[in-house]
Amino acid sequence: EGEAVSHKFEAETKQLLEIVAKSLYTDKEVFVRELISNASDALEKRRHLQLTAADASSAHAAESELQVKVSCDTAKRLLVIQDGGVGMSKEELVENLGCIARSGSKAFMEQMKGGASGAPASSSASSIIGRFGVGFYSVFMVAESVRVFSRRIDSADPEGVGYCWSSTGDGAYSLSRATNVKVGTKVEISLKADASEFASQYNLERIIRKHSSFVTFPVTLHGERLNTLEPVWMKPKGAATAEEHEELYRHLASAYDSPRATLQFETDAPIAIKSVFYVPPSHREKMGMGQQEPAVSLYSRKVLITPRCAELLPAWMRFVVGVVDSEDVPLNISRETMQDSALLRRISQVLSARLLKWWNEQARADPAAYGGFYAEFAKFLKEGACTDFARQREIVKLLRFESSTAPAGSLVGLDEYIGRMAPEQGDKIYYLVTSSRAAAEASAYMEVFKSKGHEVLWCYQEIDDFVFQNAGTYEGKTLVSAAAADLTLADGAGAAGALGKDETKALGKWMVAGPLSERVSEVMASARLVDSPAVINEAGGQSASMRRFMMMVDQ
Ligand code: ADP
Ligand code: MG
């Protein structure tokens, strides 16, 4: 065996390890899941190589090697998790285990830094860990020391030679050459005294069944296979239990919560697709966390082709978590061919249409649940309405707003609005973008609508203006801003004592030339006001929020 060389962890990694080890993580057992999922990822990579390698000999493994083997020794407080996956080279051991490579861990550290200065309170640390999971490092919640033996599948070293990475999780790790290492990775954990339960066969069996039943490779404990389930998405619709869905969701999302909604979808024509989609309870673009990666993975006959595949759904649907399995997708499809693959575009069209239909069905069948979904994800729908022109109508259909005729808090969609439009409204749908319901209620723009009894949709976000202007029409009706609407009160003009046409003009001119010269460019008579003496119109037909939005986009 070679001499061990000691290395320091990257500063950020050290910090993460401290938080993980010290946090009040109530669910310590999830580290087993993290390690098994790493093993499963490595096996996926190996199987993929094996199926696509021109020269199969180098990558070829017996089925018996494509497994995750777990064993334990209660007396020695030892737990071993071994896989026959792709393995890691010396450099990869350093890169993957010595610093924060993983997006979840990175996001975690960013959020920790975003909090109050100094060390975070342990309760908030554990809640944040609970949301992300921190992969390999979670092992240090239970480990006194860890040794990782690994040999890469394409290693040029003599048979059996690999590397050993070891650490006690306190600032440094060491690396040495090792012999008798099989292709793949073996993680050997010496458990802390207070974590001895993880060297109990009975307990491990329970944990593995609970957290790893979705793994597509056999997971064995002392030779006995524990996971015999078909992957959830391959089962007939409705056959998978809520627990199975939850586990798959947690695996895909690296999350510890439960999906708020689940859709399983299967079709044979025009393309064979088996898929399952989850909407998480919340999205992760809050608190300055940056744009989420797509979270739907592409499989072909249970073999992972592309994790987090960007081509499967339009970018605005990136909050959706799921798996798409299509046997029509060739296993050796590359990143480049993927981008201009007509097949993937067709798959994407079918899936996007199905998801939109699903949300629309949900909105009708269970408005309360839809309201919850909408409150969390409206931001993405609106982004879609502004960017995904092919599906704009279907997306706008899903939008909901407060309105001048609906009670506070209740939301109205455009279809509902159209359903009760007054005939004299013609083909115009009115909306008002303002800051709040109170502001909308007090707005001078509303006076003419109140007097005529026309409903106006009230929107409180700047992007709403952009959405409506972008869409322009919906179901043959024009979307008109209440602020720009050319409406007059039936009896507005000609009231007793009103100024004549010429007098009005003269008054306007005088105001522009004199007292208001700095602020306005034109003063006109309005026939749309009931109580207010005046209302300010935006130059060029652009509303204030629209101008602010355009400025944001331009910069
Ligand atoms: P993630 O799995 O999300 O990338 P982890 O912290 O769990 O994050 O693992 C970090 C990286 O270490 C992995 O991306 C992978 O490259 C490598 N790794 C961990 N375990 C194994 C394993 N059993 N076989 C091969 N590579 C592994
Ligand atoms: Mg992992």
# chains A, B, ... in the order shown; residues from 1 in each chain; ligands from 1
>>> residues_near_ligand(ligand="ligand 2", cutoff="6 Å", atoms="only C-alpha atoms and all ligand atoms", output="PyMOL selection string")
chain A and resi 34+37-38+135-136
>>> write_last_selection(atoms="N, CA and C atoms", output="mmCIF file, in the first residue's frame")
data_model
loop_
_atom_site.group_PDB
_atom_site.id
_atom_site.type_symbol
_atom_site.label_atom_id
_atom_site.label_comp_id
_atom_site.auth_asym_id
_atom_site.auth_seq_id
_atom_site.Cartn_x
_atom_site.Cartn_y
_atom_site.Cartn_z
ATOM 1 N N GLU A 34 -28.372 8.504 0.926
ATOM 2 C CA GLU A 34 -27.438 9.306 0.125
ATOM 3 C C GLU A 34 -26.336 8.430 -0.464
ATOM 4 N N SER A 37 -27.730 6.131 -3.103
ATOM 5 C CA SER A 37 -28.063 6.832 -4.346
ATOM 6 C C SER A 37 -26.796 7.189 -5.121
ATOM 7 N N ASN A 38 -25.703 7.496 -4.434
ATOM 8 C CA ASN A 38 -24.430 7.695 -5.139
ATOM 9 C C ASN A 38 -23.992 6.415 -5.833
ATOM 10 N N GLY A 135 -25.793 15.103 0.417
ATOM 11 C CA GLY A 135 -25.042 14.068 -0.275
ATOM 12 C C GLY A 135 -24.053 13.326 0.600
ATOM 13 N N PHE A 136 -22.885 13.079 0.033
ATOM 14 C CA PHE A 136 -21.869 12.265 0.667
ATOM 15 C C PHE A 136 -21.558 12.717 2.090
#
>>> residues_near_ligand(ligand="ligand 1", cutoff="10 Å", atoms="only C-alpha atoms and all ligand atoms", output="JSON, numbers by chain")
{"A": [31, 33, 34, 35, 36, 37, 38, 39, 40, 41, 42, 43, 45, 46, 68, 81, 82, 83, 84, 85, 86, 87, 88, 89, 92, 93, 94, 95, 96, 97, 98, 99, 100, 101, 102, 103, 104, 105, 132, 133, 134, 135, 136, 137, 138, 139, 148, 149, 150, 151, 152, 183, 184, 185, 186, 187, 254]}
>>> select_by_dssp(residues="segment 214-306 of chain A", states="helix (DSSP H, G or I)", output="VMD selection string")
chain A and resid 232 to 234 242 to 253
>>> select_by_dssp(residues="segment 74-267 of chain A", states="strand (DSSP E)", output="PyMOL selection string")
chain A and resi 78-83+143-151+162-167+172-178+184-191+219-221+224-225+261-267
>>> write_last_selection(atoms="C-alpha atoms", output="PDB file, in the first residue's frame")
ATOM      1  CA  LEU A  78     -18.736  -1.078  10.959  1.00  0.00           C
ATOM      2  CA  LEU A  79     -20.945  -0.424   7.936  1.00  0.00           C
ATOM      3  CA  VAL A  80     -19.826  -1.085   4.331  1.00  0.00           C
ATOM      4  CA  ILE A  81     -21.551   0.005   1.142  1.00  0.00           C
ATOM      5  CA  GLN A  82     -19.977  -1.248  -2.063  1.00  0.00           C
ATOM      6  CA  ASP A  83     -20.933  -0.755  -5.697  1.00  0.00           C
ATOM      7  CA  ALA A 143     -19.108   8.372  11.186  1.00  0.00           C
ATOM      8  CA  GLU A 144     -16.079   8.432  13.430  1.00  0.00           C
ATOM      9  CA  SER A 145     -14.047   7.823  10.302  1.00  0.00           C
ATOM     10  CA  VAL A 146     -14.738   6.946   6.693  1.00  0.00           C
ATOM     11  CA  ARG A 147     -12.601   5.159   4.110  1.00  0.00           C
ATOM     12  CA  VAL A 148     -13.537   5.242   0.449  1.00  0.00           C
ATOM     13  CA  PHE A 149     -11.798   2.699  -1.796  1.00  0.00           C
ATOM     14  CA  SER A 150     -12.267   3.259  -5.481  1.00  0.00           C
ATOM     15  CA  ARG A 151     -11.001   2.051  -8.832  1.00  0.00           C
ATOM     16  CA  GLY A 162      -6.998   1.799  -6.730  1.00  0.00           C
ATOM     17  CA  TYR A 163      -7.067   4.650  -4.225  1.00  0.00           C
ATOM     18  CA  CYS A 164      -8.185   5.064  -0.692  1.00  0.00           C
ATOM     19  CA  TRP A 165      -9.630   8.349   0.549  1.00  0.00           C
ATOM     20  CA  SER A 166     -10.062   8.596   4.281  1.00  0.00           C
ATOM     21  CA  SER A 167     -11.213  11.209   6.729  1.00  0.00           C
ATOM     22  CA  ALA A 172      -8.467  17.061   6.539  1.00  0.00           C
ATOM     23  CA  TYR A 173      -8.532  13.876   4.532  1.00  0.00           C
ATOM     24  CA  SER A 174      -5.775  11.610   3.281  1.00  0.00           C
ATOM     25  CA  LEU A 175      -5.214   9.757   0.047  1.00  0.00           C
ATOM     26  CA  SER A 176      -3.165   6.673  -0.624  1.00  0.00           C
ATOM     27  CA  ARG A 177      -2.743   3.964  -3.223  1.00  0.00           C
ATOM     28  CA  ALA A 178      -4.485   0.754  -2.312  1.00  0.00           C
ATOM     29  CA  GLY A 184     -16.313   0.643  -8.424  1.00  0.00           C
ATOM     30  CA  THR A 185     -16.416   2.134  -4.977  1.00  0.00           C
ATOM     31  CA  LYS A 186     -16.481   0.800  -1.437  1.00  0.00           C
ATOM     32  CA  VAL A 187     -17.383   3.093   1.448  1.00  0.00           C
ATOM     33  CA  GLU A 188     -16.319   1.785   4.852  1.00  0.00           C
ATOM     34  CA  ILE A 189     -17.787   3.585   7.826  1.00  0.00           C
ATOM     35  CA  SER A 190     -16.608   3.298  11.421  1.00  0.00           C
ATOM     36  CA  LEU A 191     -19.637   4.451  13.322  1.00  0.00           C
ATOM     37  CA  VAL A 219     -29.495  -3.541  -3.270  1.00  0.00           C
ATOM     38  CA  THR A 220     -28.427  -6.466  -1.112  1.00  0.00           C
ATOM     39  CA  LEU A 221     -27.777  -6.754   2.599  1.00  0.00           C
ATOM     40  CA  GLU A 224     -30.196 -10.825   0.371  1.00  0.00           C
ATOM     41  CA  ARG A 225     -31.906  -8.534  -2.105  1.00  0.00           C
ATOM     42  CA  ALA A 261     -49.293  16.767  -6.757  1.00  0.00           C
ATOM     43  CA  THR A 262     -48.425  13.720  -8.829  1.00  0.00           C
ATOM     44  CA  LEU A 263     -49.155  12.899 -12.467  1.00  0.00           C
ATOM     45  CA  GLN A 264     -48.382   9.569 -14.042  1.00  0.00           C
ATOM     46  CA  PHE A 265     -48.685   9.605 -17.806  1.00  0.00           C
ATOM     47  CA  GLU A 266     -48.270   6.849 -20.357  1.00  0.00           C
ATOM     48  CA  THR A 267     -48.783   6.799 -24.104  1.00  0.00           C
TER      49      THR A 267
END
>>> atom_distance(atom1="atom CA of Gln469 of chain A", atom2="atom CA of Glu402 of chain A")
18.2 Å
>>> closest_residue(among="A:Ala253, A:Val324, A:Leu487, A:Ala61", to="Ile347 of chain A", atoms="only C-alpha atoms")
A:Val324
>>> closest_residue(among="A:Pro330, A:Pro158, A:Pro515, A:Gly171", to="Glu10 of chain A", atoms="only C-alpha atoms")
A:Gly171
>>> residues_around(residues="Pro280 of chain A", least_positions_apart="6", cutoff="10 Å", atoms="only C-alpha atoms", output="list in words")
Tyr249, Arg250, Ala253, Ala255, Asp257, Ser258, Pro259, Arg260, Ala261, Thr262, Phe319, Val320, Val321, Phe373, Glu376 and Phe377 of chain A
>>> closest_residue(among="A:Gly169, A:Gly472, A:Pro281, A:Gly290", to="Ile429 of chain A", atoms="only C-alpha atoms")
A:Gly472
>>> closest_residue(among="A:Lys192, A:Thr228, A:His48, A:Ala62", to="Lys76 of chain A", atoms="only C-alpha atoms")
A:Lys192
>>> residues_around(residues="segment 352-369 of chain A", least_positions_apart="2", cutoff="7 Å", atoms="only C-alpha atoms", output="list of chain:residue names")
A:Leu313, A:Ser348, A:Gln349, A:Val350, A:Gly371, A:Gly372, A:Phe373, A:Glu394, A:Leu398
>>> write_last_selection(atoms="C-alpha atoms", output="PDB file, in the first residue's frame")
ATOM      1  CA  LEU A 313     -39.952  20.543 -20.976  1.00  0.00           C
ATOM      2  CA  SER A 348     -41.521  17.749 -25.275  1.00  0.00           C
ATOM      3  CA  GLN A 349     -44.664  18.855 -27.103  1.00  0.00           C
ATOM      4  CA  VAL A 350     -46.653  15.855 -25.922  1.00  0.00           C
ATOM      5  CA  GLY A 371     -55.085  28.001  -5.564  1.00  0.00           C
ATOM      6  CA  GLY A 372     -52.276  26.635  -3.417  1.00  0.00           C
ATOM      7  CA  PHE A 373     -50.317  25.593  -6.479  1.00  0.00           C
ATOM      8  CA  GLU A 394     -53.067  27.433 -22.674  1.00  0.00           C
ATOM      9  CA  LEU A 398     -54.296  29.022 -16.112  1.00  0.00           C
TER      10      LEU A 398
END
>>> closest_residue(among="A:Ser341, A:Lys182, A:Ala534, A:Val30", to="Ile207 of chain A", atoms="only C-alpha atoms")
A:Val30
>>> residues_around(residues="Ser481 of chain A", least_positions_apart="6", cutoff="6 Å", atoms="only C-alpha atoms", output="MDAnalysis selection string")
chainID A and resid 430:432
>>> write_last_selection(atoms="N, CA and C atoms", output="PDB file, in the first residue's frame")
ATOM      1  N   TYR A 430     -61.074  43.664 -19.491  1.00  0.00           N
ATOM      2  CA  TYR A 430     -60.348  44.757 -18.836  1.00  0.00           C
ATOM      3  C   TYR A 430     -59.512  44.267 -17.660  1.00  0.00           C
ATOM      4  N   TYR A 431     -58.330  44.851 -17.551  1.00  0.00           N
ATOM      5  CA  TYR A 431     -57.485  44.539 -16.393  1.00  0.00           C
ATOM      6  C   TYR A 431     -56.821  45.820 -15.920  1.00  0.00           C
ATOM      7  N   LEU A 432     -56.471  45.846 -14.651  1.00  0.00           N
ATOM      8  CA  LEU A 432     -55.774  47.006 -14.098  1.00  0.00           C
ATOM      9  C   LEU A 432     -54.575  46.517 -13.299  1.00  0.00           C
TER      10      LEU A 432
END
